[in-house]
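Asks: Pasting entry_34.tsv here (TSV, C-alpha atoms (C1' of nucleotides) and all ligand atoms):
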```tsv
chain	number	residue	atom	x	y	z
D	1	MET	CA	-10.70	27.91	0.53
D	2	PRO	CA	-10.24	26.55	4.05
D	3	ASP	CA	-8.18	23.47	4.70
D	4	PRO	CA	-6.99	20.59	6.90
D	5	LEU	CA	-5.93	21.33	10.39
D	6	PHE	CA	-3.54	18.84	11.81
D	7	ALA	CA	-2.90	18.30	15.45
D	8	PRO	CA	-0.37	15.92	16.96
D	9	THR	CA	-1.74	13.10	19.05
D	10	GLU	CA	-0.75	11.69	22.40
D	11	ASN	CA	2.13	14.05	22.86
D	12	ALA	CA	1.50	14.31	26.55
D	13	ALA	CA	0.80	11.43	28.90
D	14	GLU	CA	-0.20	8.39	26.91
D	15	PRO	CA	-3.61	7.09	27.91
D	16	ASP	CA	-3.70	4.02	30.09
D	17	LEU	CA	-3.74	0.72	28.22
D	18	GLU	CA	-6.57	-0.84	30.19
D	19	SER	CA	-8.70	2.24	29.71
D	20	GLN	CA	-8.10	2.14	25.96
D	21	LEU	CA	-9.03	-1.51	25.90
D	22	SER	CA	-12.27	-1.05	27.72
D	23	GLN	CA	-13.23	1.85	25.49
D	24	ALA	CA	-12.44	-0.33	22.50
D	25	ARG	CA	-14.64	-3.09	23.89
D	26	ALA	CA	-17.43	-0.57	24.27
D	27	ILE	CA	-17.03	0.54	20.66
D	28	ALA	CA	-17.23	-3.05	19.50
D	29	ARG	CA	-20.27	-3.78	21.63
D	30	LYS	CA	-22.02	-0.72	20.26
D	31	ALA	CA	-21.52	-2.20	16.77
D	32	GLY	CA	-22.96	-5.52	17.83
D	33	LYS	CA	-19.52	-7.15	17.75
D	34	THR	CA	-17.06	-8.36	20.34
D	35	LEU	CA	-13.34	-8.09	20.92
D	36	THR	CA	-12.29	-11.72	20.90
D	37	PRO	CA	-8.88	-12.72	22.27
D	38	VAL	CA	-7.08	-12.53	18.93
D	39	ARG	CA	-8.68	-9.20	18.12
D	40	GLU	CA	-7.70	-7.86	21.51
D	41	TYR	CA	-4.19	-9.22	21.14
D	42	PHE	CA	-3.68	-7.47	17.80
D	43	TYR	CA	-5.12	-4.25	19.10
D	44	LYS	CA	-2.93	-4.34	22.19
D	45	ARG	CA	0.20	-4.93	20.19
D	46	LEU	CA	-0.61	-2.08	17.82
D	47	LEU	CA	-1.28	0.17	20.78
D	48	CYS	CA	1.99	-0.74	22.46
D	49	GLU	CA	4.41	-1.32	19.63
D	50	GLY	CA	3.39	1.08	16.90
D	51	PRO	CA	3.25	0.18	13.21
D	52	LEU	CA	3.36	-3.57	12.60
D	53	GLY	CA	2.79	-5.72	9.54
D	54	ALA	CA	0.16	-8.45	9.28
D	55	TYR	CA	2.75	-11.21	9.42
D	56	GLU	CA	4.54	-9.67	12.37
D	57	LEU	CA	1.30	-9.66	14.30
D	58	LEU	CA	0.61	-13.20	13.21
D	59	ALA	CA	4.02	-14.40	14.33
D	60	GLY	CA	3.18	-13.39	17.87
D	61	LEU	CA	0.36	-15.92	17.96
D	62	ASP	CA	2.67	-18.94	18.11
D	63	GLY	CA	0.55	-21.71	19.52
D	64	VAL	CA	-2.09	-19.31	20.79
D	65	ALA	CA	-3.92	-19.61	17.48
D	66	SER	CA	-3.52	-21.19	14.10
D	67	ALA	CA	-1.32	-18.34	12.91
D	68	LYS	CA	-2.31	-18.27	9.27
D	69	PRO	CA	-2.72	-15.25	7.00
D	70	PRO	CA	-6.52	-15.19	6.76
D	71	THR	CA	-6.73	-14.92	10.52
D	72	ALA	CA	-4.52	-11.87	10.48
D	73	TYR	CA	-6.28	-10.14	7.64
D	74	ARG	CA	-9.73	-10.85	9.03
D	75	THR	CA	-8.71	-9.47	12.37
D	76	LEU	CA	-7.16	-6.39	10.82
D	77	GLU	CA	-10.22	-5.78	8.68
D	78	PHE	CA	-12.44	-6.07	11.73
D	79	LEU	CA	-10.41	-3.56	13.72
D	80	GLN	CA	-10.28	-1.22	10.74
D	81	GLU	CA	-14.04	-1.31	10.32
D	82	LEU	CA	-14.43	-0.18	13.90
D	83	GLY	CA	-11.91	2.58	13.28
D	84	LEU	CA	-9.64	1.22	16.01
D	85	ILE	CA	-6.70	0.82	13.67
D	86	ARG	CA	-5.61	2.12	10.25
D	87	LYS	CA	-3.38	0.88	7.52
D	88	LEU	CA	-0.29	2.82	6.58
D	89	GLN	CA	-0.53	2.25	2.85
D	90	SER	CA	2.95	3.47	2.07
D	91	VAL	CA	4.60	0.85	4.26
D	92	SER	CA	1.93	-1.88	4.47
D	93	LYS	CA	1.75	-1.69	8.21
D	94	TYR	CA	-1.06	-1.15	10.67
D	95	ILE	CA	-1.29	1.32	13.51
D	96	ALA	CA	-3.70	1.99	16.37
D	97	THR	CA	-6.01	4.96	16.06
D	98	PRO	CA	-6.16	7.31	19.05
D	99	LEU	CA	-9.64	6.88	20.51
D	100	SER	CA	-10.28	10.56	19.95
D	101	ALA	CA	-9.97	9.98	16.21
D	102	VAL	CA	-11.76	6.71	15.53
D	103	SER	CA	-14.26	8.48	13.31
D	104	SER	CA	-12.29	11.33	11.83
D	105	PRO	CA	-9.56	11.41	9.22
D	106	MET	CA	-5.93	11.15	10.23
D	107	ALA	CA	-2.58	11.91	8.71
D	108	PHE	CA	0.73	10.22	9.42
D	109	VAL	CA	4.32	11.28	9.13
D	110	VAL	CA	6.62	8.33	8.61
D	111	CYS	CA	10.41	8.25	8.64
D	112	ARG	CA	11.55	6.33	5.59
D	113	GLN	CA	14.75	5.31	7.34
D	114	CYS	CA	13.66	4.13	10.76
D	115	GLY	CA	9.89	3.89	10.53
D	116	LEU	CA	9.24	6.37	13.33
D	117	THR	CA	5.62	7.39	12.84
D	118	GLU	CA	3.84	10.44	14.10
D	119	LYS	CA	0.06	10.49	14.25
D	120	LEU	CA	-1.86	13.63	13.36
D	121	GLU	CA	-5.55	14.20	13.79
D	122	CYS	CA	-7.22	16.00	10.99
D	123	ASP	CA	-10.27	18.19	11.10
D	124	PRO	CA	-12.58	16.82	8.40
D	125	ALA	CA	-14.61	20.01	8.14
D	126	GLN	CA	-11.48	21.86	7.14
D	127	THR	CA	-9.95	19.44	4.73
D	128	SER	CA	-10.25	20.81	1.24
D	129	VAL	CA	-9.28	17.66	-0.59
D	130	PHE	CA	-12.56	16.29	0.65
D	131	ASP	CA	-14.40	19.28	-0.77
D	132	ARG	CA	-12.71	18.77	-4.12
D	133	ALA	CA	-13.60	15.11	-4.13
D	134	ARG	CA	-17.22	15.84	-3.34
D	135	LYS	CA	-17.37	18.50	-6.02
D	136	SER	CA	-16.30	15.81	-8.46
D	137	GLY	CA	-19.25	13.69	-7.41
D	138	PHE	CA	-17.49	11.33	-5.05
D	139	ASP	CA	-19.00	10.22	-1.78
D	140	GLN	CA	-18.23	7.82	1.09
D	141	LEU	CA	-14.80	9.37	1.26
D	142	ASP	CA	-11.91	7.82	3.09
D	143	ALA	CA	-8.55	9.53	3.41
D	144	THR	CA	-5.03	8.24	3.11
D	145	ILE	CA	-2.66	11.05	4.04
D	146	GLU	CA	0.90	9.97	4.64
D	147	ILE	CA	3.99	12.12	4.57
D	148	SER	CA	7.23	10.24	4.30
D	149	GLY	CA	10.47	11.92	5.14
D	150	ARG	CA	13.54	11.67	7.31
D	151	CYS	CA	13.05	12.16	11.02
D	152	GLY	CA	15.98	14.17	12.31
D	153	ARG	CA	16.78	12.01	15.32
D	154	ASP	CA	20.38	11.20	16.21
D	155	ASP	CA	19.67	7.48	16.36
D	156	CYS	CA	17.92	7.27	13.01
D	157	PRO	CA	19.89	4.79	10.88
D	158	GLY	CA	19.76	7.17	7.93
D	159	ASP	CA	21.62	9.77	9.91
D	160	ARG	CA	24.98	8.03	10.21
D	161	LEU	CA	26.70	10.93	8.47
D	162	ARG	CA	25.53	13.44	11.02
D	163	THR	CA	26.63	11.38	13.99
D	164	GLY	CA	29.93	10.23	12.56
D	165	ARG	CA	29.31	6.53	13.14
D	166	SER	CA	31.75	5.38	10.37
D	167	THR	CA	30.63	4.81	6.78
H	1	MET	CA	-2.90	27.90	9.89
H	2	PRO	CA	-3.00	27.96	6.07
H	3	ASP	CA	-3.52	24.81	4.14
H	4	PRO	CA	-3.45	22.72	0.93
H	5	LEU	CA	-5.04	24.09	-2.16
H	6	PHE	CA	-6.07	21.50	-4.63
H	7	ALA	CA	-6.69	22.12	-8.28
H	8	PRO	CA	-7.91	19.58	-10.80
H	9	THR	CA	-5.54	18.72	-13.62
H	10	GLU	CA	-5.99	18.37	-17.32
H	11	ASN	CA	-9.65	19.12	-17.24
H	12	ALA	CA	-9.51	20.98	-20.51
H	13	ALA	CA	-7.73	19.86	-23.66
H	14	GLU	CA	-5.27	17.12	-22.79
H	15	PRO	CA	-1.74	17.98	-23.85
H	16	ASP	CA	-0.37	16.34	-26.97
H	17	LEU	CA	1.34	13.00	-26.38
H	18	GLU	CA	4.41	13.76	-28.48
H	19	SER	CA	4.89	17.04	-26.70
H	20	GLN	CA	4.69	15.31	-23.31
H	21	LEU	CA	7.22	12.77	-24.45
H	22	SER	CA	9.73	15.29	-25.62
H	23	GLN	CA	9.37	17.25	-22.40
H	24	ALA	CA	9.93	14.03	-20.50
H	25	ARG	CA	13.06	13.32	-22.54
H	26	ALA	CA	14.32	16.78	-21.67
H	27	ILE	CA	13.70	16.18	-17.97
H	28	ALA	CA	15.65	12.93	-18.15
H	29	ARG	CA	18.50	14.52	-20.04
H	30	LYS	CA	18.72	17.28	-17.48
H	31	ALA	CA	19.22	14.58	-14.83
H	32	GLY	CA	21.97	12.93	-16.87
H	33	LYS	CA	19.70	10.03	-17.74
H	34	THR	CA	17.91	8.85	-20.84
H	35	LEU	CA	14.48	7.60	-21.71
H	36	THR	CA	15.26	4.17	-23.11
H	37	PRO	CA	12.63	2.30	-25.13
H	38	VAL	CA	11.18	0.40	-22.18
H	39	ARG	CA	11.07	3.54	-20.05
H	40	GLU	CA	9.36	5.41	-22.82
H	41	TYR	CA	6.92	2.56	-23.36
H	42	PHE	CA	5.90	2.50	-19.68
H	43	TYR	CA	5.55	6.26	-19.56
H	44	LYS	CA	3.44	6.31	-22.71
H	45	ARG	CA	1.10	3.66	-21.42
H	46	LEU	CA	0.67	5.46	-18.12
H	47	LEU	CA	-0.02	8.67	-20.00
H	48	CYS	CA	-2.61	7.05	-22.22
H	49	GLU	CA	-4.26	4.43	-20.08
H	50	GLY	CA	-4.29	5.84	-16.58
H	51	PRO	CA	-3.46	3.82	-13.47
H	52	LEU	CA	-1.74	0.51	-14.26
H	53	GLY	CA	0.00	-2.10	-12.14
H	54	ALA	CA	3.60	-3.19	-12.61
H	55	TYR	CA	2.60	-6.56	-14.00
H	56	GLU	CA	0.09	-5.04	-16.38
H	57	LEU	CA	2.80	-2.85	-17.80
H	58	LEU	CA	5.14	-5.78	-17.97
H	59	ALA	CA	2.63	-7.90	-19.85
H	60	GLY	CA	2.66	-5.38	-22.68
H	61	LEU	CA	6.32	-6.09	-23.31
H	62	ASP	CA	5.74	-9.54	-24.84
H	63	GLY	CA	8.86	-10.23	-26.80
H	64	VAL	CA	9.93	-6.59	-26.83
H	65	ALA	CA	11.98	-7.18	-23.70
H	66	SER	CA	12.65	-9.85	-21.15
H	67	ALA	CA	9.43	-9.09	-19.35
H	68	LYS	CA	10.44	-9.93	-15.84
H	69	PRO	CA	9.51	-8.16	-12.59
H	70	PRO	CA	12.83	-6.44	-11.89
H	71	THR	CA	12.64	-4.75	-15.26
H	72	ALA	CA	9.26	-3.34	-14.40
H	73	TYR	CA	10.18	-2.17	-10.93
H	74	ARG	CA	13.44	-0.65	-12.08
H	75	THR	CA	11.66	1.22	-14.80
H	76	LEU	CA	8.96	2.42	-12.44
H	77	GLU	CA	11.53	3.54	-9.89
H	78	PHE	CA	13.38	5.44	-12.57
H	79	LEU	CA	10.28	7.27	-13.75
H	80	GLN	CA	9.28	8.01	-10.17
H	81	GLU	CA	12.67	9.51	-9.38
H	82	LEU	CA	12.23	11.92	-12.26
H	83	GLY	CA	8.77	12.77	-10.99
H	84	LEU	CA	7.20	11.62	-14.25
H	85	ILE	CA	4.98	9.08	-12.55
H	86	ARG	CA	3.69	8.36	-9.04
H	87	LYS	CA	2.52	5.33	-7.22
H	88	LEU	CA	-1.03	5.14	-5.97
H	89	GLN	CA	-0.26	3.41	-2.69
H	90	SER	CA	-3.82	2.50	-1.90
H	91	VAL	CA	-4.24	0.43	-5.07
H	92	SER	CA	-0.63	-0.48	-5.96
H	93	LYS	CA	-0.88	1.15	-9.34
H	94	TYR	CA	1.17	3.78	-11.12
H	95	ILE	CA	-0.02	6.93	-12.82
H	96	ALA	CA	1.58	9.63	-14.97
H	97	THR	CA	2.24	12.98	-13.38
H	98	PRO	CA	1.05	16.06	-15.27
H	99	LEU	CA	4.20	17.84	-16.39
H	100	SER	CA	3.09	20.91	-14.48
H	101	ALA	CA	3.39	18.92	-11.26
H	102	VAL	CA	6.55	16.86	-11.62
H	103	SER	CA	8.10	18.63	-8.67
H	104	SER	CA	5.15	19.49	-6.48
H	105	PRO	CA	2.90	17.32	-4.34
H	106	MET	CA	-0.25	15.81	-5.75
H	107	ALA	CA	-3.42	14.32	-4.39
H	108	PHE	CA	-5.61	11.69	-6.00
H	109	VAL	CA	-9.25	10.79	-5.71
H	110	VAL	CA	-9.86	7.15	-6.54
H	111	CYS	CA	-13.17	5.35	-6.97
H	112	ARG	CA	-13.01	2.17	-4.96
H	113	GLN	CA	-15.53	0.52	-7.29
H	114	CYS	CA	-14.31	1.32	-10.78
H	115	GLY	CA	-10.85	2.78	-10.27
H	116	LEU	CA	-11.67	6.11	-11.89
H	117	THR	CA	-8.90	8.41	-10.72
H	118	GLU	CA	-8.85	12.16	-10.57
H	119	LYS	CA	-5.55	13.99	-10.31
H	120	LEU	CA	-5.24	17.08	-8.14
H	121	GLU	CA	-2.29	19.40	-7.97
H	122	CYS	CA	-1.41	20.61	-4.54
H	123	ASP	CA	0.23	23.85	-3.56
H	124	PRO	CA	3.13	22.81	-1.31
H	125	ALA	CA	3.45	26.25	0.26
H	126	GLN	CA	-0.09	25.93	1.55
H	127	THR	CA	-0.09	22.38	2.73
H	128	SER	CA	-0.13	22.37	6.50
H	129	VAL	CA	0.67	18.68	6.94
H	130	PHE	CA	4.07	19.57	5.57
H	131	ASP	CA	4.46	22.33	8.12
H	132	ARG	CA	3.56	19.93	10.90
H	133	ALA	CA	6.02	17.36	9.64
H	134	ARG	CA	8.81	19.91	9.47
H	135	LYS	CA	7.98	21.17	12.94
H	136	SER	CA	8.52	17.61	14.14
H	137	GLY	CA	12.00	17.64	12.64
H	138	PHE	CA	11.29	15.76	9.43
H	139	ASP	CA	12.81	16.77	6.12
H	140	GLN	CA	12.94	15.50	2.54
H	141	LEU	CA	9.18	15.23	2.65
H	142	ASP	CA	7.17	13.31	0.13
H	143	ALA	CA	3.38	13.24	0.16
H	144	THR	CA	0.92	10.43	-0.34
H	145	ILE	CA	-2.54	11.95	-0.39
H	146	GLU	CA	-5.24	9.65	-1.68
H	147	ILE	CA	-8.95	9.94	-1.14
H	148	SER	CA	-10.91	6.84	-1.90
H	149	GLY	CA	-14.62	7.01	-2.41
H	150	ARG	CA	-17.39	6.20	-4.80
H	151	CYS	CA	-17.52	8.19	-8.00
H	152	GLY	CA	-21.12	8.96	-8.79
H	153	ARG	CA	-21.09	7.95	-12.44
H	154	ASP	CA	-23.96	5.95	-13.93
H	155	ASP	CA	-21.63	3.35	-15.36
H	156	CYS	CA	-19.72	2.74	-12.16
H	157	PRO	CA	-20.13	-0.95	-11.28
H	158	GLY	CA	-20.89	-0.03	-7.69
H	159	ASP	CA	-23.87	2.00	-8.78
H	160	ARG	CA	-26.09	-0.80	-10.09
H	161	LEU	CA	-28.79	0.11	-7.60
H	162	ARG	CA	-29.09	3.66	-8.85
H	163	THR	CA	-29.41	2.65	-12.48
H	164	GLY	CA	-31.68	-0.33	-11.96
H	165	ARG	CA	-29.51	-2.84	-13.78
H	166	SER	CA	-30.91	-5.91	-11.96
H	167	THR	CA	-29.33	-7.17	-8.72
L	1	DT	C1'	42.19	1.33	-24.80
L	2	DG	C1'	40.66	1.14	-20.58
L	3	DT	C1'	37.83	2.34	-16.60
L	4	DA	C1'	33.64	3.97	-14.57
L	5	DT	C1'	28.79	4.25	-14.79
L	6	DA	C1'	24.51	3.27	-16.57
L	7	DT	C1'	21.45	-0.06	-18.18
L	8	DC	C1'	19.57	-4.49	-18.77
L	9	DG	C1'	19.10	-9.78	-18.14
L	10	DT	C1'	18.14	-13.76	-15.14
L	11	DT	C1'	17.05	-16.67	-11.32
L	12	DA	C1'	15.13	-17.16	-7.32
L	13	DT	C1'	12.48	-15.80	-3.42
L	14	DA	C1'	10.38	-12.63	-0.11
L	15	DA	C1'	6.44	-10.08	1.37
L	16	DC	C1'	1.73	-9.04	1.17
L	17	DG	C1'	-2.96	-10.46	0.47
L	18	DT	C1'	-7.32	-13.39	-0.86
L	19	DA	C1'	-10.72	-17.18	-2.43
L	20	DA	C1'	-13.29	-20.70	-1.04
L	21	DC	C1'	-14.72	-23.94	1.86
L	22	DT	C1'	-15.05	-26.31	6.62
L	23	DT	C1'	-15.59	-26.28	11.49
L	24	DT	C1'	-16.50	-24.36	15.87
L	25	DT	C1'	-18.61	-21.14	18.89
L	26	DT	C1'	-22.01	-18.03	20.28
L	27	DT	C1'	-26.59	-16.31	20.39
L	28	DG	C1'	-31.23	-16.25	21.03
L	29	DA	C1'	-35.65	-17.99	20.22
L	30	DT	C1'	-38.88	-21.92	21.01
C	1	DA	C1'	-32.60	-27.93	27.10
C	2	DT	C1'	-32.79	-27.88	22.07
C	3	DC	C1'	-32.17	-26.30	17.84
C	4	DA	C1'	-31.49	-23.05	14.05
C	5	DA	C1'	-29.09	-18.98	12.58
C	6	DA	C1'	-25.29	-16.01	12.76
C	7	DA	C1'	-20.65	-14.93	14.04
C	8	DA	C1'	-16.12	-16.18	14.37
C	9	DA	C1'	-12.21	-19.10	13.53
C	10	DG	C1'	-9.70	-22.86	11.05
C	11	DT	C1'	-7.57	-24.74	6.76
C	12	DT	C1'	-5.82	-25.36	2.18
C	13	DA	C1'	-4.40	-23.52	-1.57
C	14	DC	C1'	-3.30	-19.60	-4.39
C	15	DG	C1'	-2.70	-14.86	-6.35
C	16	DT	C1'	-0.42	-10.56	-6.43
C	17	DT	C1'	3.18	-7.35	-5.51
C	18	DA	C1'	8.00	-6.51	-4.81
C	19	DT	C1'	13.13	-7.33	-3.99
C	20	DA	C1'	17.80	-9.59	-3.47
C	21	DA	C1'	21.69	-10.80	-5.70
C	22	DC	C1'	24.54	-11.50	-9.27
C	23	DG	C1'	25.94	-11.47	-14.20
C	24	DA	C1'	26.07	-9.50	-18.91
C	25	DT	C1'	26.13	-5.32	-22.05
C	26	DA	C1'	26.38	-1.08	-23.38
C	27	DT	C1'	27.78	3.66	-23.17
C	28	DA	C1'	30.61	7.65	-21.94
C	29	DC	C1'	34.63	9.66	-22.02
C	30	DA	C1'	39.54	10.27	-20.15
D	201	ZN	ZN	1.65	-4.55	25.15
D	202	ZN	ZN	14.21	8.09	11.33
D	203	ZN	ZN	-0.75	5.22	-26.15
D	204	ZN	ZN	-16.69	4.50	-9.92
```
Could I get this file's structure written as structure tokens?
Ligand SMILES: [Zn+2]
Ligand SMILES: [Zn+2]
Ligand SMILES: [Zn+2]
Ligand SMILES: [Zn+2]
Replies:
Amino acid sequence: MPDPLFAPTENAAEPDLESQLSQARAIARKAGKTLTPVREYFYKRLLCEGPLGAYELLAGLDGVASAKPPTAYRTLEFLQELGLIRKLQSVSKYIATPLSAVSSPMAFVVCRQCGLTEKLECDPAQTSVFDRARKSGFDQLDATIEISGRCGRDDCPGDRLRTGRST
Amino acid sequence: MPDPLFAPTENAAEPDLESQLSQARAIARKAGKTLTPVREYFYKRLLCEGPLGAYELLAGLDGVASAKPPTAYRTLEFLQELGLIRKLQSVSKYIATPLSAVSSPMAFVVCRQCGLTEKLECDPAQTSVFDRARKSGFDQLDATIEISGRCGRDDCPGDRLRTGRST
DNA sequence: TGTATATCGTTATAACGTAACTTTTTTGAT
DNA sequence: ATCAAAAAAGTTACGTTATAACGATATACA
């Protein structure tokens, strides 16, 4: 039984922001939709700042927009439907999808201490959970694969013991 | 690169409730803890009724206990720490772990229409996401693997079209 | 008996998410 | 240009999920 193959994303040079944005606009246009200013703002922040919560994104709209929850959740739903972002269910945060993976499953590794998140692309043809699900009669499958753990970095707040930074 | 192997759980005769309970008590005892009445009540309901939310569980305590959120979340945390239950992050519900899997990763397939949930045991030694996470320096790994989809059953509310039950 | 630890009670509030309805903007045909 | 339809955004009001913080009891066991 063959299985998921995971490959790290964006480990080398991170793609240019403007290029990502214009590709995202193209994806939206292809779906008959448009990237309005708020949508673009959310997407940009998720591209640049990593996992953020709905209210964190909203807070950045001070004045720019009405800054109320439905705006945030509508925007996030829109971006999710295009595959441009995903929700990290285990931490209720949202994260930008690498453009190479907008239409394939992904996995995430999340540090439970500091939130550091690693993105992994996942080969759908080799992911046996999917096979199992289909064998059980399920279709329209959508994966949530999140590994939480402790990143081993020296500056991870959970690692105080290792670095000797007092109690 | 080898990968996860998923096997369905409890497809044959479901184990006896009393036997599950006494095994659970033994697991608690081994950890220097005890299954108090509320803990046992939550565990029983999750064994018998499938995925339930914290407030659903709480509601069943009418009179029996103080029935306030911290009681529920403390109880759920306790049972999770023993591995007796898990949280379905994608639906914010809790589900009993088969005793054969208290200390190994699991995957779940959840119908987004009717909530039908299938449990899958997962061989940790063959789960490549774990390998990837470790290679990145993560440890103390904990998996959230949830596939959401549409179960194909005739009585699934999302399947009205297939069964011709009006609009 | 006393001290530590485990467990439970209670109040209050934070964090996350949605329903339902209105208004504005955009689009595209006449 | 004008108007109708569709898309997007605004607004109010809630619902649901989860935690902080502190106090009271109970239990274990030296
Ligand atoms: Zn930026
Ligand atoms: Zn960390
Ligand atoms: Zn029962
Ligand atoms: Zn279903």
Asks: Once you count all atoms listed in the file, which residues of chain D turn out to be within 10 Å of chain L? Could you give them as a short mmCIF file (atom, residue, chain, number, x, y, z; two decimals) with C-alpha atoms, in the coordinates of the input?
Replies:
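Wrote it out as iface.cif, contents follow:
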```
data_model
loop_
_atom_site.label_atom_id
_atom_site.label_comp_id
_atom_site.auth_asym_id
_atom_site.auth_seq_id
_atom_site.Cartn_x
_atom_site.Cartn_y
_atom_site.Cartn_z
CA GLY D 53 2.79 -5.72 9.54
CA ALA D 54 0.16 -8.45 9.28
CA TYR D 55 2.75 -11.21 9.42
CA PRO D 69 -2.72 -15.25 7.00
CA PRO D 70 -6.52 -15.19 6.76
CA TYR D 73 -6.28 -10.14 7.64
CA SER D 92 1.93 -1.88 4.47
#
```
Asks: Once you count only C-alpha atoms (C1' of nucleotides) and all ligand atoms, which residues end up within 6 Å of ligand ZN 201 (chain D), and could you hand them over as a list in words?
Replies: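 I would give the residues around ligand ZN 201 (chain D) as Lys44, Arg45 and Cys48 of chain D.
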Asks: Neighbours of ligand ZN 203 (chain D) within 12 Å, counting all atoms listed in the file, as JSON, numbers by chain?
Replies: {"H": [16, 17, 18, 20, 21, 40, 41, 42, 43, 44, 45, 46, 47, 48, 49, 50, 60]}
Asks: Hey, list the chain C side of the contact with chain D: 10 Å cut-off, all atoms listed in the file, answer as a PDB file with C-alpha atoms (C1' of nucleotides), in the frame of the given file.
Replies:
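Printed below is selection.pdb as written:
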```
ATOM      1  C1'  DA C   7     -20.650 -14.930  14.040  1.00  0.00           C
ATOM      2  C1'  DA C   8     -16.120 -16.180  14.370  1.00  0.00           C
ATOM      3  C1'  DA C   9     -12.210 -19.100  13.530  1.00  0.00           C
ATOM      4  C1'  DG C  10      -9.700 -22.860  11.050  1.00  0.00           C
ATOM      5  C1'  DT C  11      -7.570 -24.740   6.760  1.00  0.00           C
TER       6       DT C  11
END
```
Asks: List all protein, DNA and RNA residues that have at least one atom no more than 10 Å from any atom of ligand ZN 202 (chain D), counting all atoms listed in the file, and write them as a list in words.
Replies: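 Here is the list of contacting residues: Val110, Cys111, Arg112, Gln113, Cys114, Gly115, Leu116, Thr117, Gly149, Arg150, Cys151, Gly152, Arg153, Asp154, Asp155, Cys156, Pro157, Gly158 and Asp159 of chain D; Gly137 and Phe138 of chain H.
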Asks: Can you build me a table of chain D residues sitting at most 8 Å from chain H, with the closest atom pair per residue and its distance in Å to one decimal, using all atoms listed in the file, sorted by chain and residue number, as JSON lines?
Replies:
```
{"residue": "D:Met1", "atom": "CA", "partner": "H:Leu5", "partner_atom": "CA", "distance": 7.3}
{"residue": "D:Pro2", "atom": "CA", "partner": "H:Asp3", "partner_atom": "CA", "distance": 6.9}
{"residue": "D:Asp3", "atom": "CA", "partner": "H:Asp3", "partner_atom": "CA", "distance": 4.9}
{"residue": "D:Pro4", "atom": "CA", "partner": "H:Asp3", "partner_atom": "CA", "distance": 6.1}
{"residue": "D:Leu5", "atom": "CA", "partner": "H:Ser128", "partner_atom": "CA", "distance": 7.1}
{"residue": "D:Phe6", "atom": "CA", "partner": "H:Val129", "partner_atom": "CA", "distance": 6.4}
{"residue": "D:Gln89", "atom": "CA", "partner": "H:Gln89", "partner_atom": "CA", "distance": 5.7}
{"residue": "D:Ser90", "atom": "CA", "partner": "H:Gln89", "partner_atom": "CA", "distance": 5.7}
{"residue": "D:Ala107", "atom": "CA", "partner": "H:Val129", "partner_atom": "CA", "distance": 7.7}
{"residue": "D:Val109", "atom": "CA", "partner": "H:Ala133", "partner_atom": "CA", "distance": 6.3}
{"residue": "D:Cys111", "atom": "CA", "partner": "H:Phe138", "partner_atom": "CA", "distance": 7.6}
{"residue": "D:Ser128", "atom": "CA", "partner": "H:Leu5", "partner_atom": "CA", "distance": 7.0}
{"residue": "D:Val129", "atom": "CA", "partner": "H:Phe6", "partner_atom": "CA", "distance": 6.4}
{"residue": "D:Phe130", "atom": "CA", "partner": "H:Ile147", "partner_atom": "CA", "distance": 7.5}
{"residue": "D:Arg132", "atom": "CA", "partner": "H:Phe6", "partner_atom": "CA", "distance": 7.2}
{"residue": "D:Ala133", "atom": "CA", "partner": "H:Val109", "partner_atom": "CA", "distance": 6.3}
{"residue": "D:Ser136", "atom": "CA", "partner": "H:Cys151", "partner_atom": "CA", "distance": 7.7}
{"residue": "D:Gly137", "atom": "CA", "partner": "H:Gly152", "partner_atom": "CA", "distance": 5.3}
{"residue": "D:Phe138", "atom": "CA", "partner": "H:Cys151", "partner_atom": "CA", "distance": 4.3}
{"residue": "D:Asp139", "atom": "CA", "partner": "H:Arg150", "partner_atom": "CA", "distance": 5.3}
{"residue": "D:Gln140", "atom": "CA", "partner": "H:Gly149", "partner_atom": "CA", "distance": 5.1}
{"residue": "D:Leu141", "atom": "CA", "partner": "H:Gly149", "partner_atom": "CA", "distance": 4.4}
{"residue": "D:Asp142", "atom": "CA", "partner": "H:Ser148", "partner_atom": "CA", "distance": 5.2}
{"residue": "D:Ala143", "atom": "CA", "partner": "H:Ile147", "partner_atom": "CA", "distance": 4.6}
{"residue": "D:Thr144", "atom": "CA", "partner": "H:Glu146", "partner_atom": "CA", "distance": 5.0}
{"residue": "D:Ile145", "atom": "CA", "partner": "H:Ile145", "partner_atom": "CA", "distance": 4.5}
{"residue": "D:Glu146", "atom": "CA", "partner": "H:Thr144", "partner_atom": "CA", "distance": 5.0}
{"residue": "D:Ile147", "atom": "CA", "partner": "H:Ala143", "partner_atom": "CA", "distance": 4.6}
{"residue": "D:Ser148", "atom": "CA", "partner": "H:Asp142", "partner_atom": "CA", "distance": 5.2}
{"residue": "D:Gly149", "atom": "CA", "partner": "H:Leu141", "partner_atom": "CA", "distance": 4.3}
{"residue": "D:Arg150", "atom": "CA", "partner": "H:Phe138", "partner_atom": "CA", "distance": 5.1}
{"residue": "D:Cys151", "atom": "CA", "partner": "H:Phe138", "partner_atom": "CA", "distance": 4.3}
{"residue": "D:Gly152", "atom": "CA", "partner": "H:Gly137", "partner_atom": "CA", "distance": 5.3}
{"residue": "D:Arg153", "atom": "CA", "partner": "H:Gly137", "partner_atom": "CA", "distance": 7.9}
```
Asks: Kindly indicate which residue among D:Gly32, D:Arg25, D:Val102, D:Leu84 lies nearest to DA6 (chain C), using all atoms listed in the file for the distances.
Replies: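 Among the listed residues, D:Gly32 lies closest to DA6 (chain C).
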